[in-house]
Protein chains: 2
Amino acid sequence: MARLLIANCFTDELAGDSARLPQAHLQTAAASSHLLLWFARDGDLIVLPVEPEPELLAYVTDMTGTDASTLRLLVPPPGTTGTELLTGERLGNPQFREELRKTLDGRPVDTVLTLTPDAAVASLARFLGAEQAVPGYGFVSQGGGTLVNSKAVFRAVAAGAGVPLPEGAVCTNRQDAEDAIMELLDAGHPVMLKRDYACGGLGNEILTPVPGVEPVGAGRILQLRDRAAVREYLADRWLWLTNDGHHPAVVERYFPDSRAIFVEFVIDDHGAVFSQQGEMLSAPVANAQVIPSPQLEAGPLAVLVTAGARLCESLRSLGYRGFFCADAIVTKDGDVRFTEYNGRITGSTHIYTIIGGQIVGPDYAKDRVLVEYCGWPVPSFAAAAERLAESGLAYDRETRTGVVIVKAYSHADGTIRYCAVAEDLAAAARIRDRVESLFA
Amino acid sequence: MARLLIANCFTDELAGDSARLPQAHLQTAAASSHLLLWFARDGDLIVLPVEPEPELLAYVTDMTGTDASTLRLLVPPPGTTGTELLTGERLGNPQFREELRKTLDGRPVDTVLTLTPDAAVASLARFLGAEQAVPGYGFVSQGGGTLVNSKAVFRAVAAGAGVPLPEGAVCTNRQDAEDAIMELLDAGHPVMLKRDYACGGLGNEILTPVPGVEPVGAGRILQLRDRAAVREYLADRWLWLTNDGHHPAVVERYFPDSRAIFVEFVIDDHGAVFSQQGEMLSAPVANAQVIPSPQLEAGPLAVLVTAGARLCESLRSLGYRGFFCADAIVTKDGDVRFTEYNGRITGSTHIYTIIGGQIVGPDYAKDRVLVEYCGWPVPSFAAAAERLAESGLAYDRETRTGVVIVKAYSHADGTIRYCAVAEDLAAAARIRDRVESLFA
């Protein structure tokens with residue numbers, strides 16, 4: 001028996017033509033794909049868009065106790081759109097497929113673990129006779145992955161399940177968007193506009209009828225007074241908002257001073273099991289996450305988990321199986337409104353399952369908090385790991401505190417992400433201050 | 001209490017920007033919108049994109065026994081894209097909304113009946129405080145109608161529900177489409193390519209590796225020998241197939257010599273109820289339908305109804321409520337494969353519910369067959385109705401046989417559709433021969 005891990009972050013199935021994506025986005029996707037190394041176990045076959053840095057591979061496997069020498073890493077030949085994504089073309093490359101078949105040497109594949117549910121993975125599994133190893137194979141093979149990662153489909157599914165949503169609309173044309181925006185602005189509410197497939201707030205903009213709104217979870221904020229200004233805004237931004245007309249745009253009431261909470265589940269044939277929750281901190285786009293969210297009250301938490309489970313049940317009945325994350329806001333009045341879902345391994349999953357559950361240990365959410373910080377500028381992965389070790393800041397298995405680097409070095413902006421494991425949020429912030437002075 | 005009927009055929013929500021649609025398509029949509037008149041009852045308010053011909057209104061209400069003088073027809077002012085569709089802009093027109101409110105004169109709306117589930121209708125219902133009157137209001141208000149009318153989403157939902165499908169794929173990029181087509185052609189199978197939102201086979205083309213395949217349900221057939229030819233075909237047709245990149249394209253094995261069967265249901269809060277089935281006849285695109293399908297064997301029929309009900313259950317769990325039609329083929333070997341679904345009132349619904357169930361009577365499917373023929377060239381609706389009456393071919397309530405005109409006159413091609421009610425298919429064909437000689 002063999003396990004096949006496929007590091008397909010932000011697939012071309014979701015993105016459409018990957019030649020249209022900005023280079024920085026592609027570089028980030030390539031770096032994110034290496035998250036899957038955290039899930040590697042002895043003997044795994046791992047398909048990656050690019051080879052990981054040897055220091056990253058050594059670091060991660062050392063942390064997880066995996067014998068790196070037993071892993072087989074495979075990188076398909078480049079496709080017409082380069083090396084950053086595991087596109088359908090690359091996963092379909094005959095030379096790669098033969099190499100994979102040879103590497104398997106007759107062993108059946110009993111587990112296929114992917115970052116993103118994607119038809120190209122289903123096609124590869126079919127080639128290997130391993131359909132049964134892909135969770136929700138039928139659904140995924142026919143593009144179901146696009147439905148469980150769409151901000152537009154999310155709103156229909158959530159409304160259909162009676163899950164609380166911010167007021168808003170899913171707009172396939174500019175006139176509808178104008179009307180939906182005006183309905184909110186006229187009521188005095190700021191409006192969040194969202195591209196259908198985008199991550200970390202990078203596809204979001206906020207329009208506000210009044211000054212003084214702080215943008216959280218959006219790249220930009222604009223003050224617009226009337227319909228003429230909205231029309232002008234849409235004339236300028238409609239193609240951007242719809243990815244050149246490929247997807248609908250989401251118009252949604254924006255709640256200032258809200259907390260952004262995510263709840264994660266695993267969906268299987270028998271139901272959905274709650275895994276963990278956490279909080280995204282944005283200034284203005286996502287730059288930290290805290291797992292579990294500190295001082296989340298029992299009332300909102302109960303709504304988050306029960307409504308999140310209802311979303312799971314809808315997707316389960318569609319045929320989806322696997323990791324699931326629902327994002328929500330908790331308003332300053334304590335109301336919960338769901339804002340999107342992601343049917344995939346997210347940038348949180350490895351932190352609580354592997355770093356939390358396996359490395360810090362089963363009690364990680366009781367006596368520790370896991371705080372991931374983004375954007376630490378470092379010369380290289382190796383330099384960061386070395387300096388953390390020298391300074392005594394690296395994670396210590398005795399004290400169950402310290403720093404774990406959680407992601408590959410980002411060539412897009414020369415930074416790294418790390419997780420501070422600490423007794424509480426204040427202690428994590430003290431660790432961050434020390435970490436970020438290491439190269440200052 | 002009031003019933004509000006909204007004749008929104010092929011909405012802009014589904015079509016995207018209606019300015020991009022061909023004029024003939026828009027004219028057909030306008031004519032099709034008048035199908036909803038068959039459902040009118042005394043006192044109904046009916047919103048239409050264009051006024052029906054007086055002769056059509058008189059004819060339909062005479063057939064259904066509705067008092068036309070009690071109906072209130074409302075046509076919103078034209079939108080920026082004309083008068084053929086009930087776009088969100090037109091349903092949102094403040095002058096129209098005020099007129100509607102005034103016409104209601106304080107009566108609450110307890111029923112909203114639409115051709116297509118559409119967010120613009122939900123918005124109008126919200127304006128009237130009539131959300132509860134819209135079946136599946138939450139789902140529809142957030143664009144759910146696009147999910148239950150998409151050929152791409154259909155394949156994921158059907159595969160997820162374990163409903164039998166032709167081999168194939170949903171392709172968001174050209175490379176994936178090339179690979180999916182080649183996989184089928186290499187296996188010796190013809191391939192059907194489908195645009196996501198299109199009706200009556202007009203968005204379909206067939207590629208075949210061998211000559212002699214008869215195209216049924218497609219506008220065009222091409223013989224392509226190898227990958228280079230497929231690549232050239234896609235270079236030429238990809239933008240057409242994807243509606244200029246707006247939607248994925250469906251690649252599907254084509255089964256020559258199959259029968260095309262549809263099964264219709266109504267989905268409500270408690271479950272799904274099977275309504276009727278029928279057969280589409282195409283030469284090469286849909287030009288007749290027979291309700292019920294003659295000599296459909298019990299084996300395939302059982303699969304059609306049980307698998308159709310599974311599709312209903314998936315959509316019901318998403319929050320959809322209302323009319324539902326699943327299309328399938330029955331291959332010459334008797335295998336059933338589902339090919340698309342439509343969550344709306346179709347071009348069949350009024351034929352079996354109103355003309356069949358109400359006019360011909362409860363036994364319509366036992367001792368009669370309803371055969372709709374398309375494309376009868378006539379000078380006008382009035383001339384057709386008059387000539388049918390004079391010739392003795394018009395439907396006779398005594399004999400429960402004869403001809404019912406089922407649709408508005410098509411200004412796109414100067415034809416009309418009619419339904420022959422007869423003892424059997426052979427008798428219906430004899431009626432057709434006599435009808436189509438009337439203006440010859």
# chains A, B, ... in the order shown; residues from 1 in each chain; ligands from 1
>>> select_by_dssp(residues="stretch 116-344 of chain A", states="alpha helix (DSSP H)", output="count of residues only")
77
>>> select_by_dssp(residues="stretch 168-300 of chain A", states="strand (DSSP E)", output="MDAnalysis selection string")
chainID A and resid 168:171 191:195 204:208 220:223 249:253 259:268 271:282 286:291
>>> interface_residues(of="chain B", to="chain A", cutoff="6 Å", atoms="only C-alpha atoms", output="list in words")
Glu13, Gly16, Asp17, Gly138, Phe139, Gln142, Gly143, Gly144, Arg155, Ala156, Val157, Ala159, Gly160, Ala169, Val170, Thr172, Asn173, Gly245, His246, Ser314, Ser317, Leu318 and Gly319 of chain B
>>> closest_residue(among="B:Arg432, B:Arg344, B:Arg253, B:Lys407", to="B:Thr208", atoms="only C-alpha atoms")
B:Arg253
>>> residues_around(residues="stretch 364-370 of chain B", least_positions_apart="5", cutoff="6 Å", atoms="only C-alpha atoms", output="PDB file with C-alpha atoms, in the first residue's frame")
ATOM      1  CA  VAL B 290     -43.572  13.123 -26.664  1.00  0.00           C
ATOM      2  CA  ILE B 291     -45.246  12.900 -23.234  1.00  0.00           C
ATOM      3  CA  GLY B 356     -52.407  17.309 -20.062  1.00  0.00           C
ATOM      4  CA  ALA B 420     -51.073  17.137 -31.004  1.00  0.00           C
ATOM      5  CA  VAL B 421     -53.214  15.274 -28.486  1.00  0.00           C
ATOM      6  CA  ALA B 422     -53.842  11.811 -29.901  1.00  0.00           C
ATOM      7  CA  GLU B 423     -54.431   8.178 -29.039  1.00  0.00           C
ATOM      8  CA  ASP B 424     -50.904   7.269 -29.986  1.00  0.00           C
TER       9      ASP B 424
END
>>> residues_around(residues="A:Val213", least_positions_apart="5", cutoff="9 Å", atoms="only C-alpha atoms", output="list of chain:residue names")
A:Pro190, A:Thr208, A:Ile221, A:Pro256, A:Asp257
